[in-house]
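Source file: query.txt. Holds: compact mmCIF, C-alpha atoms.
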# COMPACT_ATOMS: atom_id res chain seq x y z
CA MET M 1 57.26 14.59 -0.62
CA ARG M 2 54.40 16.77 0.57
CA GLN M 3 54.27 18.44 -2.82
CA LEU M 4 54.11 15.08 -4.49
CA ILE M 5 51.17 14.00 -2.32
CA LEU M 6 49.42 17.29 -3.01
CA LEU M 7 49.98 16.86 -6.73
CA LEU M 8 48.73 13.27 -6.63
CA THR M 9 45.67 14.31 -4.65
CA ILE M 10 44.84 17.09 -7.07
CA SER M 11 45.25 14.90 -10.14
CA LEU M 12 43.16 12.19 -8.47
CA LEU M 13 40.45 14.74 -7.68
CA ILE M 14 40.44 15.99 -11.25
CA ALA M 15 40.21 12.42 -12.54
CA VAL M 16 37.28 11.63 -10.21
CA MET M 17 35.47 14.87 -11.06
CA SER M 18 35.85 14.51 -14.80
CA SER M 19 34.69 10.87 -14.75
CA ALA M 20 31.73 11.82 -12.59
CA ALA M 21 30.73 14.76 -14.77
CA PRO M 22 28.62 12.91 -17.39
CA ALA M 23 26.68 11.09 -14.66
CA ASN M 24 26.02 14.39 -12.92
CA ALA M 25 24.78 15.89 -16.14
CA GLU M 26 22.29 13.03 -16.50
CA ASN M 27 21.18 13.34 -12.91
CA ALA M 28 20.70 17.06 -13.37
CA ASP M 29 17.61 16.55 -15.54
CA ARG M 30 16.58 13.63 -13.34
CA HIS M 31 16.03 15.69 -10.23
CA ILE M 32 13.58 14.00 -7.89
CA GLU M 33 11.85 16.30 -5.45
CA MET M 34 10.99 14.86 -2.05
CA LEU M 35 7.81 16.39 -0.71
CA ASP M 36 5.59 15.98 2.31
CA PHE M 37 1.88 15.81 1.60
CA ASP M 38 1.13 19.48 2.22
CA SER M 39 3.80 20.52 -0.28
CA PHE M 40 2.50 17.98 -2.78
CA ALA M 41 -1.23 18.73 -2.30
CA PRO M 42 -1.47 21.66 -4.79
CA ARG M 43 -0.60 19.19 -7.56
CA LEU M 44 -3.95 17.48 -6.94
CA SER M 45 -6.06 20.53 -7.74
CA GLN M 46 -4.51 22.61 -10.50
CA GLU M 47 -7.08 24.74 -12.27
CA ASP M 48 -6.03 25.21 -15.87
CA ASP M 49 -6.91 23.56 -19.16
CA SER M 50 -4.63 20.53 -18.72
CA ILE M 51 -5.56 16.96 -17.86
CA TYR M 52 -3.50 15.71 -14.95
CA VAL M 53 -2.66 12.04 -14.55
CA ILE M 54 -1.17 11.33 -11.12
CA ASN M 55 -0.02 7.79 -10.47
CA PHE M 56 1.04 6.51 -7.04
CA TRP M 57 3.65 3.78 -7.35
CA ALA M 58 6.81 2.29 -5.85
CA THR M 59 9.74 0.33 -7.21
CA TRP M 60 8.87 -2.58 -4.89
CA CYS M 61 5.28 -2.78 -6.18
CA ALA M 62 5.16 -5.29 -9.06
CA PRO M 63 1.84 -4.20 -10.61
CA CYS M 64 3.00 -0.55 -10.40
CA VAL M 65 6.22 -1.34 -12.23
CA ARG M 66 4.23 -3.30 -14.82
CA GLU M 67 2.01 -0.32 -15.68
CA ILE M 68 4.75 2.35 -15.80
CA PRO M 69 5.20 1.84 -19.59
CA ALA M 70 1.50 2.65 -20.08
CA PHE M 71 1.95 5.99 -18.31
CA GLU M 72 5.12 6.62 -20.26
CA GLN M 73 3.29 5.97 -23.50
CA LEU M 74 0.54 8.36 -22.40
CA HIS M 75 3.17 10.98 -21.64
CA ALA M 76 4.75 10.47 -25.07
CA ASN M 77 1.50 10.48 -27.06
CA TYR M 78 -0.45 13.19 -25.27
CA SER M 79 2.01 15.73 -23.92
CA ASP M 80 1.19 18.04 -26.86
CA LYS M 81 -2.50 17.74 -25.94
CA LYS M 82 -1.99 19.16 -22.47
CA VAL M 83 -1.96 15.83 -20.66
CA LYS M 84 0.50 15.93 -17.80
CA VAL M 85 1.69 12.71 -16.21
CA LEU M 86 3.13 12.79 -12.70
CA LEU M 87 4.53 9.62 -11.13
CA VAL M 88 4.45 9.88 -7.33
CA SER M 89 6.87 7.40 -5.79
CA LEU M 90 5.99 6.04 -2.36
CA ASP M 91 9.38 4.40 -2.00
CA PHE M 92 11.11 4.92 1.31
CA PRO M 93 13.18 8.13 1.13
CA ASN M 94 16.43 6.31 1.93
CA HIS M 95 15.88 4.30 -1.28
CA LEU M 96 15.78 7.37 -3.53
CA GLU M 97 19.42 7.13 -4.60
CA SER M 98 19.80 3.35 -4.34
CA ARG M 99 16.56 2.21 -6.00
CA VAL M 100 14.34 4.93 -7.42
CA ILE M 101 16.85 6.85 -9.52
CA PRO M 102 18.53 3.67 -10.87
CA PHE M 103 15.05 2.36 -11.77
CA LEU M 104 14.17 5.57 -13.61
CA GLU M 105 17.45 5.54 -15.48
CA GLN M 106 17.23 1.86 -16.35
CA HIS M 107 13.72 2.30 -17.76
CA GLN M 108 14.51 5.75 -19.19
CA VAL M 109 11.40 7.19 -17.59
CA GLN M 110 10.52 10.54 -19.18
CA SER M 111 7.47 11.50 -17.13
CA GLU M 112 7.89 13.81 -14.15
CA VAL M 113 8.62 11.92 -10.92
CA ILE M 114 8.48 13.06 -7.32
CA LEU M 115 8.84 11.15 -4.06
CA LEU M 116 6.09 11.63 -1.50
CA ASP M 117 7.70 11.38 1.92
CA ASP M 118 4.96 11.52 4.53
CA PRO M 119 4.54 8.54 6.87
CA ASN M 120 1.16 9.61 8.31
CA SER M 121 -0.77 8.18 5.39
CA ASN M 122 -4.02 7.87 7.33
CA ARG M 123 -4.20 11.67 7.23
CA TRP M 124 -3.49 12.19 3.56
CA ILE M 125 -4.93 9.11 1.77
CA PRO M 126 -8.53 10.42 2.04
CA LEU M 127 -7.34 13.85 0.85
CA VAL M 128 -6.20 12.18 -2.39
CA SER M 129 -9.50 10.29 -2.63
CA GLU M 130 -12.15 9.16 -0.15
CA GLN M 131 -12.34 5.98 -2.24
CA TRP M 132 -8.69 5.05 -1.72
CA SER M 133 -8.05 2.17 0.71
CA GLY M 134 -4.30 2.78 0.52
CA ALA M 135 -3.35 -0.04 -1.84
CA ILE M 136 -1.10 0.83 -4.76
CA PRO M 137 -1.07 1.23 -7.70
CA ALA M 138 -3.58 4.05 -7.52
CA THR M 139 -4.21 6.84 -10.03
CA VAL M 140 -6.00 10.18 -10.03
CA ILE M 141 -7.02 11.65 -13.39
CA TYR M 142 -8.51 15.14 -13.32
CA SER M 143 -9.22 18.22 -15.34
CA ASN M 144 -11.44 21.26 -14.83
CA SER M 145 -14.47 19.19 -15.76
CA PHE M 146 -13.55 15.67 -14.65
CA ARG M 147 -12.17 13.80 -11.65
CA GLY M 148 -11.57 10.05 -11.52
CA PHE M 149 -9.85 7.85 -8.95
CA TYR M 150 -8.68 4.33 -9.76
CA GLU M 151 -7.25 1.81 -7.26
CA ARG M 152 -6.14 -0.64 -9.91
CA GLU M 153 -3.54 -1.48 -12.53
CA PHE M 154 -3.92 0.09 -15.98
CA LYS M 155 -3.20 -1.04 -19.51
CA TYR M 156 -2.37 1.69 -22.01
CA GLU M 157 -5.62 1.34 -23.97
CA GLU M 158 -7.63 1.79 -20.78
CA LEU M 159 -5.79 5.01 -19.93
CA GLU M 160 -6.21 6.26 -23.46
CA GLU M 161 -9.94 5.59 -23.37
CA ILE M 162 -10.31 7.74 -20.24
CA ILE M 163 -8.15 10.53 -21.65
CA GLU M 164 -10.02 10.54 -24.96
CA SER M 165 -13.32 10.84 -23.10
CA VAL M 166 -12.02 13.80 -21.07
CA LEU M 167 -10.24 15.66 -23.89
CA MET O 1 -40.96 -1.79 -9.29
CA LYS O 2 -39.32 -4.73 -7.59
CA ARG O 3 -37.67 -5.64 -10.85
CA ILE O 4 -36.29 -2.10 -11.27
CA LEU O 5 -34.88 -2.26 -7.77
CA LEU O 6 -33.31 -5.63 -8.52
CA VAL O 7 -31.70 -4.29 -11.68
CA MET O 8 -30.42 -1.27 -9.76
CA MET O 9 -29.03 -3.54 -7.05
CA LEU O 10 -27.29 -5.72 -9.62
CA GLY O 11 -25.83 -2.62 -11.21
CA LEU O 12 -24.49 -1.48 -7.86
CA PHE O 13 -23.02 -4.89 -7.16
CA SER O 14 -21.34 -5.10 -10.52
CA THR O 15 -19.73 -1.68 -10.10
CA GLY O 16 -18.51 -2.76 -6.70
CA LEU O 17 -20.31 -0.06 -4.74
CA ILE O 18 -21.87 -2.53 -2.31
CA ALA O 19 -19.45 -5.43 -2.27
CA GLN O 20 -16.88 -3.67 -0.12
CA GLY O 21 -16.43 -6.27 2.62
CA TYR O 22 -16.88 -5.73 6.31
CA GLU O 23 -17.65 -2.58 8.19
CA VAL O 24 -17.25 -2.12 11.90
CA GLY O 25 -20.11 -3.90 13.67
CA ASP O 26 -20.38 -6.74 11.15
CA VAL O 27 -20.10 -10.36 12.25
CA ALA O 28 -16.82 -11.81 10.96
CA THR O 29 -17.08 -15.16 9.23
CA ASP O 30 -14.98 -18.01 10.54
CA PHE O 31 -12.47 -19.84 8.35
CA ARG O 32 -10.23 -22.88 8.41
CA LEU O 33 -6.78 -22.11 7.04
CA LEU O 34 -3.44 -23.89 7.08
CA ASN O 35 -0.92 -22.55 9.59
CA VAL O 36 2.85 -22.60 9.08
CA ASP O 37 3.03 -25.39 11.72
CA GLY O 38 0.99 -27.71 9.47
CA ASN O 39 -2.23 -27.45 11.50
CA TYR O 40 -5.47 -25.87 10.42
CA VAL O 41 -6.63 -22.84 12.42
CA SER O 42 -10.09 -21.34 12.84
CA LEU O 43 -11.29 -18.33 14.83
CA SER O 44 -13.39 -20.70 16.91
CA ASP O 45 -10.19 -22.44 18.08
CA TYR O 46 -9.49 -19.38 20.22
CA GLU O 47 -12.01 -20.39 22.86
CA ASP O 48 -10.65 -18.27 25.70
CA ALA O 49 -9.86 -15.19 23.61
CA LYS O 50 -11.66 -11.89 24.08
CA GLY O 51 -10.97 -11.16 20.45
CA ILE O 52 -8.53 -11.61 17.58
CA VAL O 53 -6.12 -9.19 15.93
CA LEU O 54 -6.55 -10.43 12.36
CA ILE O 55 -3.79 -9.09 10.11
CA PHE O 56 -3.77 -9.69 6.37
CA SER O 57 -0.05 -9.98 5.86
CA CYS O 58 2.55 -11.57 3.62
CA ASN O 59 6.28 -12.03 3.16
CA HIS O 60 7.23 -9.77 0.27
CA CYS O 61 5.64 -6.41 1.04
CA PRO O 62 8.07 -3.80 2.41
CA TYR O 63 5.27 -2.26 4.48
CA VAL O 64 4.66 -5.62 6.13
CA VAL O 65 8.37 -6.11 6.75
CA ALA O 66 8.47 -2.67 8.37
CA TYR O 67 5.71 -3.82 10.74
CA GLU O 68 6.79 -7.41 11.51
CA ASP O 69 8.55 -6.56 14.76
CA ARG O 70 5.57 -4.48 15.86
CA MET O 71 3.23 -7.39 15.04
CA ILE O 72 5.33 -9.64 17.28
CA GLU O 73 5.29 -7.04 20.08
CA LEU O 74 1.53 -6.61 19.76
CA HIS O 75 1.01 -10.35 20.08
CA ASN O 76 3.35 -10.66 23.05
CA ARG O 77 1.64 -7.74 24.76
CA TYR O 78 -1.99 -8.52 23.99
CA ALA O 79 -2.26 -12.32 23.62
CA PRO O 80 -1.96 -12.71 27.43
CA LYS O 81 -4.78 -10.16 27.75
CA GLY O 82 -7.00 -12.16 25.39
CA PHE O 83 -6.20 -10.60 21.99
CA PRO O 84 -3.78 -12.81 20.04
CA VAL O 85 -2.53 -11.85 16.59
CA VAL O 86 -3.56 -14.10 13.71
CA ALA O 87 -1.81 -13.30 10.42
CA VAL O 88 -3.30 -14.40 7.09
CA ASN O 89 -1.40 -14.34 3.80
CA PRO O 90 -3.96 -13.71 1.01
CA ASN O 91 -1.54 -13.55 -1.93
CA ASP O 92 -1.39 -15.93 -4.89
CA SER O 93 2.03 -17.57 -4.80
CA ILE O 94 2.13 -17.96 -8.58
CA VAL O 95 1.94 -14.17 -8.86
CA VAL O 96 4.29 -13.68 -5.90
CA PRO O 97 6.57 -16.70 -5.38
CA ALA O 98 8.00 -15.05 -2.24
CA ASP O 99 4.59 -15.52 -0.60
CA SER O 100 4.36 -19.31 -1.06
CA TYR O 101 3.52 -21.59 1.86
CA THR O 102 7.12 -22.82 1.99
CA LYS O 103 8.43 -19.25 2.10
CA MET O 104 5.90 -18.44 4.82
CA ILE O 105 7.30 -21.28 6.93
CA GLU O 106 10.82 -19.91 6.36
CA ARG O 107 9.84 -16.35 7.29
CA ALA O 108 7.94 -17.46 10.39
CA ALA O 109 11.02 -19.40 11.52
CA GLU O 110 13.44 -16.55 10.76
CA LYS O 111 11.38 -14.06 12.74
CA ASN O 112 10.25 -16.64 15.30
CA PHE O 113 6.62 -15.54 14.91
CA PRO O 114 4.79 -16.22 18.18
CA PHE O 115 1.44 -16.01 16.35
CA ALA O 116 -0.36 -18.15 13.77
CA TYR O 117 0.56 -17.34 10.17
CA LEU O 118 -2.09 -18.79 7.88
CA LEU O 119 -2.42 -19.18 4.12
CA ASP O 120 -5.64 -18.08 2.44
CA ALA O 121 -4.96 -20.75 -0.18
CA ASP O 122 -8.27 -20.43 -2.03
CA GLN O 123 -8.19 -16.63 -1.73
CA ALA O 124 -11.73 -16.95 -0.41
CA VAL O 125 -11.31 -15.25 2.98
CA PHE O 126 -9.82 -11.85 2.14
CA PRO O 127 -12.65 -10.77 -0.24
CA VAL O 128 -15.27 -11.57 2.40
CA TYR O 129 -13.47 -9.36 4.90
CA GLY O 130 -12.82 -6.72 2.27
CA ALA O 131 -9.06 -6.70 2.72
CA THR O 132 -7.38 -4.80 -0.12
CA ARG O 133 -3.76 -4.62 0.95
CA THR O 134 -1.08 -5.94 3.23
CA PRO O 135 -0.84 -5.09 6.05
CA HIS O 136 -4.58 -4.63 6.63
CA ILE O 137 -5.94 -5.09 10.15
CA PHE O 138 -9.35 -6.31 11.25
CA LEU O 139 -9.70 -6.21 15.05
CA LEU O 140 -12.38 -8.68 16.08
CA GLU O 141 -14.17 -8.64 19.42
CA LYS O 142 -15.69 -11.84 20.72
CA VAL O 143 -19.29 -11.29 21.76
CA GLU O 144 -20.83 -14.51 23.05
CA ASP O 145 -19.88 -16.97 20.30
CA GLU O 146 -19.44 -14.48 17.50
CA PHE O 147 -16.53 -12.35 16.38
CA ILE O 148 -17.62 -8.76 15.69
CA VAL O 149 -15.47 -6.37 13.64
CA ALA O 150 -14.42 -3.59 16.04
CA TYR O 151 -11.71 -1.73 14.13
CA ILE O 152 -10.39 -1.77 10.54
CA GLY O 153 -7.21 -0.21 9.25
CA ALA O 154 -3.62 0.45 10.13
CA ILE O 155 -1.41 -0.56 13.05
CA ASP O 156 -0.28 3.00 13.73
CA ASP O 157 0.51 6.29 12.02
CA ASN O 158 4.16 5.76 11.11
CA PHE O 159 5.15 2.66 9.16
CA ARG O 160 8.73 3.76 8.87
CA ASP O 161 9.70 4.50 12.42
CA ALA O 162 8.08 2.80 15.40
CA SER O 163 9.71 5.30 17.76
CA ALA O 164 8.07 8.22 15.94
CA VAL O 165 4.51 6.86 16.23
CA GLU O 166 2.09 9.42 17.61
CA GLU O 167 -1.11 7.39 17.41
CA PRO O 168 -0.93 3.61 17.91
CA TYR O 169 -4.42 3.10 16.46
CA LEU O 170 -4.57 -0.66 16.89
CA ALA O 171 -3.17 -0.76 20.44
CA ASN O 172 -5.54 2.06 21.40
CA ALA O 173 -8.45 0.12 19.91
CA ILE O 174 -7.56 -3.05 21.84
CA ASP O 175 -7.08 -1.02 25.04
CA ALA O 176 -10.52 0.50 24.51
CA LEU O 177 -12.14 -2.92 24.13
CA LEU O 178 -10.32 -4.19 27.24
CA ALA O 179 -11.67 -1.17 29.13
CA GLY O 180 -15.20 -1.78 27.87
CA ARG O 181 -15.17 1.25 25.56
CA ARG O 182 -15.61 1.54 21.80
CA PRO O 183 -12.44 2.18 19.78
CA ASP O 184 -11.99 5.68 18.38
CA PRO O 185 -11.18 5.90 15.51
CA VAL O 186 -12.75 2.67 14.23
CA PHE O 187 -11.32 3.09 10.73
CA THR O 188 -7.94 4.25 9.48
CA ARG O 189 -6.08 3.94 6.19
CA ALA O 190 -2.50 3.22 5.24
CA ILE O 191 -0.43 2.65 2.16
CA GLY O 192 0.13 -1.03 1.54
CA CYS O 193 0.77 -3.65 -1.13
CA THR O 194 -2.22 -4.74 -3.18
CA ILE O 195 -3.37 -8.28 -2.57
CA LYS O 196 -2.11 -10.29 -5.52
CA VAL O 197 -4.52 -12.42 -7.54
CA GLN O 198 -4.10 -14.06 -10.92
CA GLN O 199 -5.59 -12.04 -13.74
Just give me the structure of the file as structure tokens.
Amino acid sequence: MRQLILLLTISLLIAVMSSAAPANAENADRHIEMLDFDSFAPRLSQEDDSIYVINFWATWCAPCVREIPAFEQLHANYSDKKVKVLLVSLDFPNHLESRVIPFLEQHQVQSEVILLDDPNSNRWIPLVSEQWSGAIPATVIYSNSFRGFYEREFKYEELEEIIESVL
Amino acid sequence: MKRILLVMMLGLFSTGLIAQGYEVGDVATDFRLLNVDGNYVSLSDYEDAKGIVLIFSCNHCPYVVAYEDRMIELHNRYAPKGFPVVAVNPNDSIVVPADSYTKMIERAAEKNFPFAYLLDADQAVFPVYGATRTPHIFLLEKVEDEFIVAYIGAIDDNFRDASAVEEPYLANAIDALLAGRRPDPVFTRAIGCTIKVQQ
């Protein structure tokens, strides 16, 4: 009897693991780092010849969700021109698995995504930009020769216009 | 020369450099907005108040929801001392159906809000104050018959966990006013939901 239970358990485990394997493989390239502000801060001041587009968003923020395709299009059209898009989720950390990752999979988001987990936003908002009131969506676009901050929703053409002027 | 100045001023206005709403020390304009109980409410109705904790708020924003219980506590603690909370929903309900007047009434009943919860139906109040997000707090101090902006910003430094708050900015600011001191800091920032207007 014991052997039978053991056998059943093992076969059940194998079944579960093999069915879970494809999902794990997908999640493997969809790894979302959770960072506090100090760990994230270097991403705001990288000194090389790229243009960095850093968008602050959340799955619960309707205008943010609306403009994600514009950033995705930017990522698709300009990644060979050294434009790097980073989507910084301000979702609550306990929603990473239940909301953020399902959202990214559903919309097949290709841009890099991290989750900024730092509740003391009064400290770090002005370090992102003195102009930022804290409302999202908000976007920083910078290069060695340019720095722009935008507390607003973007359409693709508007993003492209900025990038073309910085390139 | 005057004309050049005027043109420069217009340029600044149009780029939004000047039209930023209130700063601490400004006189807050009164309003007349519909409360969830069906009555209209103005700042001047609070005759015996020492000030008002004006909170631009709404139903749908997760950051507001995270703060609702703290807003209730603040009202229960400070209304008897002369600083009642007055919440104002500035969102367009066509853009955000969850923030309609009917839904406001439902939310106020569910949470048993002890404070006024008003609708900025014409979306004319929030731009004057310079509110950009929910929640966004404007602490007003009554000086003679005027309400003066005394603090602008966040409720505290941890939206997620009330028990982990290190600096209760708003409560500290009210305590300072009650003690006859100036709040410090007078301005803080926080992540919040943009105020929704039709495009």
(request) Compute the chain M side of the contact with chain O at 12 Å, counting all atoms listed in the file, and hand it back as a ChimeraX atom specification. (result) /M:56-64,89-95,116-138,151-153
(message) Report, in Å to a single decimal, how far apart atom CA of O:Ile152 and atom CA of O:Leu139 are.
(response)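 Computing the Euclidean distance for atom CA of O:Leu139 and atom CA of O:Ile152 yields 6.4 Å.
Atom CA of O:Cys58 sits 10.4 Å away from atom CA of O:Ser93.
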(request) Name the closest residue to O:Asp99 among the candidates O:Ile52, O:Pro80, O:Leu140, O:Val64; distances are taken between atoms, counting all atoms listed in the file. (result) O:Val64
(request) Would you work out the distance separating atom CA of O:Lys142 from atom CA of O:Asp37, expressed in Å to one decimal? (result) 24.8 Å
(request) Take the point (-5.1, -7.4, 7.6) in the file's coordinates, draw a sphere of radius 6 Å around it, and report as number ranges by chain every protein, DNA or RNA residue with an atom inside or on it, counting all atoms listed in the file. (result) O: 54-57, 135-138
(request) Around the point (-3.3, 17.8, -27.1) in the file's coordinates, collect all residues with an atom within 12 Å, using all atoms listed in the file, and return them as a VMD selection string. (result) chain M and resid 49 to 51 74 to 84 163 to 164 166 to 167
(request) Within 12 Å of O:Thr29, counting all atoms listed in the file, which residues show up once you throw out same-chain ones fewer than 6 positions away? Write them as an MDAnalysis selection string, please. (result) chainID O and resid 21:22 42:44 54 124:130 138 140 145:149
(message) Using all atoms listed in the file for the distances, tell me which of M:Leu35, M:Val100, M:Glu161, M:Lys155 is nearest to M:Glu67.
(response)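 Using all atoms listed in the file, M:Glu67 sits closest to M:Lys155.
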Could you work out an axis-aligned box for stretch 71-83 of chain O, taking every atom the file lists and adding 4 Å on each side, and report centre and edge lengths in Å to one decimal, as JSON?
{"center_x": -0.8, "center_y": -9.7, "center_z": 21.4, "size_x": 20.3, "size_y": 14.1, "size_z": 20.7}
(message) Which residue is closest to M:Ser145? Choose from M:Ser98, M:Val109, M:Glu158, M:Ser45 and count all atoms listed in the file.
(response)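 Of the candidates, the smallest distance to M:Ser145 is held by M:Ser45.
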(message) Which residues are near M:Ser111? Cut-off 7 Å, all atoms listed in the file, ignore same chain within fewer than 4 positions. Put them as an MDAnalysis selection string.
(response) chainID M and resid 72 75 85:87
(message) Please list as a PyMOL selection string every residue within 9 Å of stretch 111-113 of chain O, counting only C-alpha atoms and excluding residues in the same chain fewer than 5 positions away.
(response) chain O and resi 68-69+71-72+106
(request) Go through M:Leu159, M:Val88, M:Leu96, M:Leu104 one by one, measure the shortest atom-to-atom distance of each to M:Arg43 using only C-alpha atoms, and give the residue with the smallest value. (result)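 Using only C-alpha atoms, the shortest distance to M:Arg43 belongs to M:Val88.
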Please write all heavy atoms of stretch 184-192 of chain O, from the structure given just now, as an mmCIF file, in the first residue's frame.
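Okay, part04.cif is ready:
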data_model
loop_
_atom_site.group_PDB
_atom_site.id
_atom_site.type_symbol
_atom_site.label_atom_id
_atom_site.label_comp_id
_atom_site.auth_asym_id
_atom_site.auth_seq_id
_atom_site.Cartn_x
_atom_site.Cartn_y
_atom_site.Cartn_z
ATOM 1 N N ASP O 184 6.368 71.723 9.159
ATOM 2 C CA ASP O 184 7.672 71.442 8.545
ATOM 3 C C ASP O 184 7.783 69.934 8.341
ATOM 4 O O ASP O 184 7.814 69.202 9.322
ATOM 5 C CB ASP O 184 8.796 71.956 9.433
ATOM 6 C CG ASP O 184 10.164 71.678 8.825
ATOM 7 O OD1 ASP O 184 10.238 71.547 7.583
ATOM 8 O OD2 ASP O 184 11.142 71.574 9.597
ATOM 9 N N PRO O 185 7.815 69.428 7.106
ATOM 10 C CA PRO O 185 7.835 70.174 5.844
ATOM 11 C C PRO O 185 6.456 70.722 5.480
ATOM 12 O O PRO O 185 5.440 70.273 6.009
ATOM 13 C CB PRO O 185 8.238 69.099 4.835
ATOM 14 C CG PRO O 185 7.694 67.829 5.410
ATOM 15 C CD PRO O 185 7.834 67.975 6.895
ATOM 16 N N VAL O 186 6.447 71.716 4.564
ATOM 17 C CA VAL O 186 5.174 72.259 4.080
ATOM 18 C C VAL O 186 4.785 71.635 2.748
ATOM 19 O O VAL O 186 3.705 71.899 2.228
ATOM 20 C CB VAL O 186 5.226 73.794 3.907
ATOM 21 C CG1 VAL O 186 5.350 74.470 5.257
ATOM 22 C CG2 VAL O 186 6.355 74.206 2.979
ATOM 23 N N PHE O 187 5.675 70.810 2.189
ATOM 24 C CA PHE O 187 5.406 70.250 0.859
ATOM 25 C C PHE O 187 6.035 68.864 0.763
ATOM 26 O O PHE O 187 7.220 68.698 1.052
ATOM 27 C CB PHE O 187 6.005 71.171 -0.212
ATOM 28 C CG PHE O 187 5.819 70.680 -1.618
ATOM 29 C CD1 PHE O 187 4.622 70.865 -2.286
ATOM 30 C CD2 PHE O 187 6.849 70.004 -2.273
ATOM 31 C CE1 PHE O 187 4.443 70.390 -3.583
ATOM 32 C CE2 PHE O 187 6.676 69.534 -3.571
ATOM 33 C CZ PHE O 187 5.470 69.734 -4.220
ATOM 34 N N THR O 188 5.230 67.882 0.422
ATOM 35 C CA THR O 188 5.753 66.536 0.185
ATOM 36 C C THR O 188 5.128 66.000 -1.107
ATOM 37 O O THR O 188 4.160 66.557 -1.611
ATOM 38 C CB THR O 188 5.405 65.565 1.327
ATOM 39 O OG1 THR O 188 3.974 65.508 1.456
ATOM 40 C CG2 THR O 188 6.036 65.993 2.643
ATOM 41 N N ARG O 189 5.706 64.912 -1.600
ATOM 42 C CA ARG O 189 5.164 64.321 -2.830
ATOM 43 C C ARG O 189 4.815 62.859 -2.582
ATOM 44 O O ARG O 189 5.335 62.229 -1.669
ATOM 45 C CB ARG O 189 6.187 64.365 -3.941
ATOM 46 C CG ARG O 189 6.763 65.741 -4.136
ATOM 47 C CD ARG O 189 7.610 65.751 -5.360
ATOM 48 N NE ARG O 189 8.713 66.663 -5.178
ATOM 49 C CZ ARG O 189 9.264 67.358 -6.168
ATOM 50 N NH1 ARG O 189 8.810 67.234 -7.395
ATOM 51 N NH2 ARG O 189 10.271 68.157 -5.936
ATOM 52 N N ALA O 190 3.957 62.343 -3.432
ATOM 53 C CA ALA O 190 3.622 60.921 -3.350
ATOM 54 C C ALA O 190 3.127 60.460 -4.702
ATOM 55 O O ALA O 190 2.605 61.254 -5.487
ATOM 56 C CB ALA O 190 2.548 60.676 -2.306
ATOM 57 N N ILE O 191 3.288 59.180 -4.960
ATOM 58 C CA ILE O 191 2.714 58.596 -6.161
ATOM 59 C C ILE O 191 1.191 58.578 -6.006
ATOM 60 O O ILE O 191 0.667 58.323 -4.930
ATOM 61 C CB ILE O 191 3.225 57.156 -6.349
ATOM 62 C CG1 ILE O 191 4.736 57.157 -6.594
ATOM 63 C CG2 ILE O 191 2.507 56.451 -7.500
ATOM 64 C CD1 ILE O 191 5.171 57.830 -7.876
ATOM 65 N N GLY O 192 0.506 58.884 -7.068
ATOM 66 C CA GLY O 192 -0.947 58.845 -7.020
ATOM 67 C C GLY O 192 -1.505 58.676 -8.415
ATOM 68 O O GLY O 192 -0.747 58.598 -9.387
#
